[in-house]
Amino acid sequence: GIYADIASGIKSTTRKEFDRMIKDCKNGKIDIIFTKSISRFSRDTLDFLVAIRKLKEIGVDVCFQNEGITLTEQEGEFMMTVFEAVAQQESVNKSEHIKWGLQTGFRAGTSKLANRVCYGYQKDENGELVICQEQAEVVCLIFDLYLGGNSLSGISKELRSRRIPSPTGKDKWTSCAIDKILSNEKYIGDVMLQKTFRKNVFTDKQTRNKGEKARYVYENNHVGIIDKTTFEKVQEEKQRRSNTVCLDNGEADRKHGRFSSGNTLSGKIQCCECGRNYRRIKTRKGEIIWRCAGQVERTSGCQSRTIKQSEIDEYTRSILQIYKETIDTKSLIEKIVVDKNAFKIIVDSTVLS
């Protein structure tokens with residue numbers, strides 16, 4: 001049979017046909033492999049040697065047409081290694097030239113990568129980004145739902161209930177897809193290039209650029225869908241809900257609490273004894289209570305009391321009566337601190353002013 005992969009670069013994890021060919025060799029279906037050149041077989045010297053030695057071990061010959069050598073020749077492995085090393089270096093040089101071209105385009109502000117299409121946009125006849133109205137309405141909905149207190153999974157359920165297909169046409173939206181939309185500066189008309197990079201040409205893995213390389217921002221590259229104020233509010237909310245915090249040494253540390261859209265108080269109720277956040281729990285009788293995460297997980301010996309949702313609601317109602325229900329309860333409570341005997345509600349004074 002014919003085994004053909006469309007892949008580029010020294011390393012590639014998408015060589016399904018090559019893997020299928022090796023499997024057929026192991027199953028005794030192939031006696032000899034004909035390939036145009038060594039560079040088509042592999043462009044990584046180590047992987048190449050591993051493959052040909054495995055094939056030699058199971059008795060499968062390989063013929064390389066351009067080089068005019070076969071695997072069964074005694075001096076074949078040495079010659080093939082030389083040819084393979086040359087092919088690998090040629091690929092490295094080509095990769096460096098491509099990177100140089102990309103960097104030049106980034107700096108000059110002429111990179112065509114700035115106009116890559118994402119959900120909510122399409123290209124016009126000149127290759128420029130223009131708004132796709134139907135998708136843009138969904139983007140606005142996602143931002144509104146998030147600022148309304150919905151979690152990523154909650155937004156996914158809402159979109160599915162409205163029968164709005166995902167960017168890939170599926171019924172269900174993934175949390176990852178929603179998070180990318182909420183984080184994408186393209187929706188305010190800007191573009192950031194080189195968010196990720198490959199550390200070397202011997203890996204396909206893209207590494208998030210945290211300052212190791214320059215990042216390039218094109219402002220007002222196209223018409224935005226979301227206003228900048230809304231976008232910034234979403235980024236602030238994402239940081240508030242984040243399960244990680246940045247330490248003084250710059251490293252990320254995972255917090256104990258986790259955001260839940262079941263109640264806007266998630267992440268706002270804190271235990272004075274162990275420092276853990278409180279979790280929202282629904283009892284068998286249907287009552288909503290809040291309990292220290294350390295007590296729930298039995299990882300701390302703190303004695304902080306449990307709070308009933310009804311107690312919190314009673315307090316907020318008393319505040320609302322004073323202000324004649326002209327304020328939003330979602331933004332009313334800034335923080336609740338709890339100890340063994342009582343709890344204290346800290347109200348955002350800017351909301352009540």
# chains A, B, ... in the order shown; residues from 1 in each chain; ligands from 1

$ residues_around --residues "range 185-191 of chain A" --least-positions-apart "6" --cutoff "7 Å" --atoms "only C-alpha atoms" --output "list in words"
Ala114, Val217, Tyr218, Glu219, Asn220, Asn221, His222, Val223, Gly224, Ile225, Ile226, Asp227 and Lys228 of chain A

$ write_last_selection --atoms "all heavy atoms" --output "CSV table (one decimal), in the first residue's frame"
chain,number,residue,atom,x,y,z
A,114,ALA,N,-2.0,38.9,11.6
A,114,ALA,CA,-2.9,39.8,12.4
A,114,ALA,C,-4.4,39.7,11.9
A,114,ALA,O,-5.3,40.0,12.7
A,114,ALA,CB,-2.5,41.3,12.2
A,217,VAL,N,1.7,44.3,19.6
A,217,VAL,CA,0.3,44.6,19.7
A,217,VAL,C,-0.1,45.6,18.5
A,217,VAL,O,0.6,46.6,18.4
A,217,VAL,CB,-0.1,45.2,21.0
A,217,VAL,CG1,-1.6,45.7,21.0
A,217,VAL,CG2,0.2,44.2,22.1
A,218,TYR,N,-1.1,45.2,17.7
A,218,TYR,CA,-1.6,46.2,16.7
A,218,TYR,C,-2.9,46.7,17.2
A,218,TYR,O,-3.9,46.0,17.3
A,218,TYR,CB,-1.8,45.4,15.4
A,218,TYR,CG,-0.6,44.8,14.7
A,218,TYR,CD1,-0.7,44.1,13.6
A,218,TYR,CD2,0.7,45.0,15.2
A,218,TYR,CE1,0.4,43.5,12.9
A,218,TYR,CE2,1.8,44.5,14.6
A,218,TYR,CZ,1.6,43.7,13.5
A,218,TYR,OH,2.7,43.2,12.9
A,219,GLU,N,-2.9,48.0,17.6
A,219,GLU,CA,-4.1,48.6,18.1
A,219,GLU,C,-5.0,49.1,16.9
A,219,GLU,O,-4.5,49.5,15.9
A,219,GLU,CB,-3.8,49.8,19.0
A,219,GLU,CG,-3.0,49.4,20.3
A,219,GLU,CD,-2.8,50.6,21.2
A,219,GLU,OE1,-2.8,51.7,20.6
A,219,GLU,OE2,-2.6,50.4,22.4
A,220,ASN,N,-6.3,48.9,17.2
A,220,ASN,CA,-7.3,49.4,16.2
A,220,ASN,C,-7.0,48.7,14.8
A,220,ASN,O,-7.1,49.4,13.8
A,220,ASN,CB,-7.3,50.9,16.0
A,220,ASN,CG,-7.6,51.6,17.3
A,220,ASN,OD1,-8.5,51.1,18.1
A,220,ASN,ND2,-6.9,52.6,17.7
A,221,ASN,N,-6.7,47.4,14.8
A,221,ASN,CA,-6.4,46.7,13.6
A,221,ASN,C,-7.7,46.5,12.8
A,221,ASN,O,-7.7,46.4,11.6
A,221,ASN,CB,-5.8,45.3,14.0
A,221,ASN,CG,-5.5,44.5,12.7
A,221,ASN,OD1,-4.5,44.8,12.0
A,221,ASN,ND2,-6.2,43.4,12.5
A,222,HIS,N,-8.8,46.4,13.5
A,222,HIS,CA,-10.1,46.2,12.8
A,222,HIS,C,-11.2,46.7,13.7
A,222,HIS,O,-11.0,47.1,14.9
A,222,HIS,CB,-10.3,44.7,12.5
A,222,HIS,CG,-10.1,43.8,13.8
A,222,HIS,ND1,-8.8,43.4,14.1
A,222,HIS,CD2,-10.9,43.4,14.7
A,222,HIS,CE1,-8.9,42.7,15.3
A,222,HIS,NE2,-10.2,42.7,15.6
A,223,VAL,N,-12.5,46.6,13.3
A,223,VAL,CA,-13.6,47.0,14.1
A,223,VAL,C,-13.9,46.0,15.2
A,223,VAL,O,-13.9,44.8,15.0
A,223,VAL,CB,-14.9,47.1,13.2
A,223,VAL,CG1,-16.1,47.6,14.1
A,223,VAL,CG2,-14.6,48.1,12.1
A,224,GLY,N,-14.0,46.6,16.5
A,224,GLY,CA,-14.2,45.7,17.6
A,224,GLY,C,-15.7,45.3,17.8
A,224,GLY,O,-16.6,46.0,17.3
A,225,ILE,N,-15.9,44.3,18.5
A,225,ILE,CA,-17.3,43.8,18.8
A,225,ILE,C,-17.7,44.2,20.2
A,225,ILE,O,-18.8,44.6,20.5
A,225,ILE,CB,-17.4,42.3,18.7
A,225,ILE,CG1,-17.2,41.9,17.2
A,225,ILE,CG2,-18.8,41.8,19.2
A,225,ILE,CD1,-17.1,40.3,17.0
A,226,ILE,N,-16.7,44.2,21.2
A,226,ILE,CA,-16.9,44.5,22.6
A,226,ILE,C,-16.2,45.8,22.9
A,226,ILE,O,-15.1,46.1,22.4
A,226,ILE,CB,-16.3,43.4,23.5
A,226,ILE,CG1,-17.0,42.1,23.1
A,226,ILE,CG2,-16.5,43.8,24.9
A,226,ILE,CD1,-18.5,42.0,23.4
A,227,ASP,N,-16.8,46.7,23.7
A,227,ASP,CA,-16.1,47.9,24.1
A,227,ASP,C,-15.0,47.6,25.1
A,227,ASP,O,-15.1,46.6,25.8
A,227,ASP,CB,-17.1,49.0,24.6
A,227,ASP,CG,-17.8,48.5,25.9
A,227,ASP,OD1,-17.2,48.7,27.0
A,227,ASP,OD2,-18.9,47.8,25.8
A,228,LYS,N,-14.0,48.5,25.2
A,228,LYS,CA,-12.9,48.2,26.0
A,228,LYS,C,-13.2,48.2,27.5
A,228,LYS,O,-12.6,47.4,28.2
A,228,LYS,CB,-11.8,49.3,25.7
A,228,LYS,CG,-11.2,49.2,24.3
A,228,LYS,CD,-10.0,50.1,24.2
A,228,LYS,CE,-9.3,49.9,22.8
A,228,LYS,NZ,-8.1,50.7,22.6

$ atom_distance --atom1 "CA of Leu71 in chain A" --atom2 "CA of Glu17 in chain A"
20.4 Å

$ closest_residue --among "A:Thr283, A:Thr81, A:Thr230, A:Thr70" --to "Ser42 in chain A" --atoms "only C-alpha atoms"
A:Thr81

$ closest_residue --among "A:Arg107, A:Arg279, A:Lys180, A:Lys210" --to "Gln235 in chain A" --atoms "only C-alpha atoms"
A:Lys180

$ closest_residue --among "A:Lys340, A:Tyr216, A:Arg298, A:Asp313" --to "Gln103 in chain A" --atoms "only C-alpha atoms"
A:Tyr216

$ closest_residue --among "A:Ala342, A:Val296, A:Ala214, A:Cys118" --to "Ala177 in chain A" --atoms "only C-alpha atoms"
A:Cys118

$ atom_distance --atom1 "CA of Asn27 in chain A" --atom2 "CA of Val60 in chain A"
11.0 Å

$ residues_around --residues "Gln133 in chain A" --least-positions-apart "6" --cutoff "10 Å" --atoms "only C-alpha atoms" --output "MDAnalysis selection string"
chainID A and resid 120:122 139 225

$ residues_around --residues "range 49-58 of chain A" --least-positions-apart "4" --cutoff "9 Å" --atoms "only C-alpha atoms" --output "VMD selection string"
chain A and resid 22 25 to 26 28 44 to 45 62 71 to 72 77 80 to 81

$ write_last_selection --atoms "N, CA, C and O atoms" --output "mmCIF file, in the first residue's frame"
data_model
loop_
_atom_site.group_PDB
_atom_site.id
_atom_site.type_symbol
_atom_site.label_atom_id
_atom_site.label_comp_id
_atom_site.auth_asym_id
_atom_site.auth_seq_id
_atom_site.Cartn_x
_atom_site.Cartn_y
_atom_site.Cartn_z
ATOM 1 N N ILE A 22 4.572 1.397 10.296
ATOM 2 C CA ILE A 22 5.410 0.660 11.253
ATOM 3 C C ILE A 22 4.617 -0.462 11.911
ATOM 4 O O ILE A 22 5.124 -1.582 12.123
ATOM 5 N N CYS A 25 4.377 -3.282 9.562
ATOM 6 C CA CYS A 25 5.669 -3.984 9.504
ATOM 7 C C CYS A 25 5.784 -4.981 10.653
ATOM 8 O O CYS A 25 6.212 -6.132 10.476
ATOM 9 N N LYS A 26 5.389 -4.548 11.839
ATOM 10 C CA LYS A 26 5.451 -5.426 13.009
ATOM 11 C C LYS A 26 4.510 -6.616 12.870
ATOM 12 O O LYS A 26 4.770 -7.694 13.412
ATOM 13 N N GLY A 28 3.927 -8.171 10.150
ATOM 14 C CA GLY A 28 4.376 -9.034 9.061
ATOM 15 C C GLY A 28 3.724 -8.772 7.720
ATOM 16 O O GLY A 28 3.779 -9.625 6.825
ATOM 17 N N ASP A 44 14.758 13.879 11.846
ATOM 18 C CA ASP A 44 15.342 13.896 13.175
ATOM 19 C C ASP A 44 16.254 12.681 13.290
ATOM 20 O O ASP A 44 15.794 11.550 13.164
ATOM 21 N N THR A 45 17.539 12.917 13.503
ATOM 22 C CA THR A 45 18.526 11.837 13.457
ATOM 23 C C THR A 45 18.230 10.741 14.468
ATOM 24 O O THR A 45 18.298 9.544 14.149
ATOM 25 N N VAL A 62 14.562 -1.254 3.872
ATOM 26 C CA VAL A 62 14.133 0.066 3.430
ATOM 27 C C VAL A 62 15.052 0.522 2.299
ATOM 28 O O VAL A 62 16.278 0.453 2.427
ATOM 29 N N LEU A 71 18.700 -0.503 3.557
ATOM 30 C CA LEU A 71 18.955 -0.762 4.974
ATOM 31 C C LEU A 71 19.803 -2.003 5.184
ATOM 32 O O LEU A 71 20.588 -2.079 6.129
ATOM 33 N N THR A 72 19.698 -2.996 4.320
ATOM 34 C CA THR A 72 20.381 -4.270 4.523
ATOM 35 C C THR A 72 21.866 -4.203 4.207
ATOM 36 O O THR A 72 22.611 -5.129 4.536
ATOM 37 N N GLU A 77 23.779 1.928 7.403
ATOM 38 C CA GLU A 77 23.368 2.751 8.533
ATOM 39 C C GLU A 77 24.266 3.968 8.680
ATOM 40 O O GLU A 77 23.793 5.070 8.963
ATOM 41 N N MET A 80 23.426 6.410 5.853
ATOM 42 C CA MET A 80 22.100 6.990 6.076
ATOM 43 C C MET A 80 22.133 8.027 7.192
ATOM 44 O O MET A 80 21.452 9.050 7.128
ATOM 45 N N THR A 81 22.947 7.761 8.233
ATOM 46 C CA THR A 81 23.049 8.716 9.327
ATOM 47 C C THR A 81 23.642 10.039 8.853
ATOM 48 O O THR A 81 23.203 11.119 9.268
#

$ select_by_dssp --residues "range 93-326 of chain A" --states "strand (DSSP E or B)" --output "PyMOL selection string"
chain A and resi 121-123+129-131+191-193+196-197+207-208+216-218+244-246+252-254+269-271+277-282+288-292+307-308

$ closest_residue --among "A:Asp144, A:Asp19, A:Asp5, A:Asp61" --to "Lys233 in chain A" --atoms "only C-alpha atoms"
A:Asp144

$ atom_distance --atom1 "CA of Asp339 in chain A" --atom2 "CA of Cys271 in chain A"
6.3 Å

$ residues_around --residues "Lys238 in chain A" --least-positions-apart "3" --cutoff "10 Å" --atoms "only C-alpha atoms" --output "MDAnalysis selection string"
chainID A and resid 146:147 179 182:183 232:235 241:243 259

$ write_last_selection --atoms "N, CA and C atoms" --output "compact mmCIF listing (two decimals), in the first residue's frame"
# COMPACT_ATOMS: atom_id res chain seq x y z
N TYR A 146 -21.12 36.26 31.42
CA TYR A 146 -19.99 36.14 32.35
C TYR A 146 -20.03 37.24 33.40
N LEU A 147 -20.26 38.47 32.97
CA LEU A 147 -20.34 39.57 33.92
C LEU A 147 -21.58 39.47 34.81
N ASP A 179 -13.61 30.45 27.32
CA ASP A 179 -12.54 31.19 27.98
C ASP A 179 -11.66 31.93 26.97
N LEU A 182 -13.44 35.07 25.88
CA LEU A 182 -13.41 36.09 26.92
C LEU A 182 -12.03 36.73 27.08
N SER A 183 -10.98 36.04 26.61
CA SER A 183 -9.61 36.54 26.78
C SER A 183 -9.03 37.15 25.52
N GLU A 232 -12.23 44.99 29.83
CA GLU A 232 -11.39 45.12 31.01
C GLU A 232 -12.09 44.60 32.26
N LYS A 233 -13.40 44.84 32.36
CA LYS A 233 -14.17 44.31 33.50
C LYS A 233 -14.14 42.79 33.51
N VAL A 234 -14.24 42.19 32.34
CA VAL A 234 -14.19 40.73 32.24
C VAL A 234 -12.83 40.20 32.68
N GLN A 235 -11.74 40.88 32.28
CA GLN A 235 -10.41 40.43 32.67
C GLN A 235 -10.23 40.54 34.19
N ARG A 241 -11.89 35.38 39.88
CA ARG A 241 -12.35 33.99 39.96
C ARG A 241 -11.23 32.99 39.85
N SER A 242 -10.07 33.44 39.42
CA SER A 242 -8.96 32.54 39.15
C SER A 242 -8.61 31.71 40.37
N ASN A 243 -8.25 30.45 40.13
CA ASN A 243 -7.88 29.55 41.22
C ASN A 243 -6.39 29.64 41.55
N PHE A 259 -14.18 29.11 42.20
CA PHE A 259 -15.38 29.87 41.89
C PHE A 259 -16.52 28.95 41.46

$ closest_residue --among "A:Glu314, A:Arg162, A:Ser151, A:Lys112" --to "Glu128 in chain A" --atoms "only C-alpha atoms"
A:Lys112

$ residues_around --residues "Gln65 in chain A" --least-positions-apart "6" --cutoff "7 Å" --atoms "only C-alpha atoms" --output "number ranges by chain"
A: 35-37

$ write_last_selection --atoms "N, CA, C and O atoms" --output "PDB file, in the first residue's frame"
ATOM      1  N   THR A  35      11.071   4.462  -0.337  1.00  0.00           N
ATOM      2  CA  THR A  35      10.807   5.877  -0.043  1.00  0.00           C
ATOM      3  C   THR A  35      11.715   6.745  -0.902  1.00  0.00           C
ATOM      4  O   THR A  35      12.821   6.342  -1.264  1.00  0.00           O
ATOM      5  N   LYS A  36      11.241   7.933  -1.274  1.00  0.00           N
ATOM      6  CA  LYS A  36      11.978   8.785  -2.210  1.00  0.00           C
ATOM      7  C   LYS A  36      13.330   9.208  -1.652  1.00  0.00           C
ATOM      8  O   LYS A  36      14.343   9.164  -2.354  1.00  0.00           O
ATOM      9  N   SER A  37      13.358   9.641  -0.393  1.00  0.00           N
ATOM     10  CA  SER A  37      14.617  10.102   0.186  1.00  0.00           C
ATOM     11  C   SER A  37      14.583   9.955   1.697  1.00  0.00           C
ATOM     12  O   SER A  37      13.522   9.786   2.304  1.00  0.00           O
TER      13      SER A  37
END
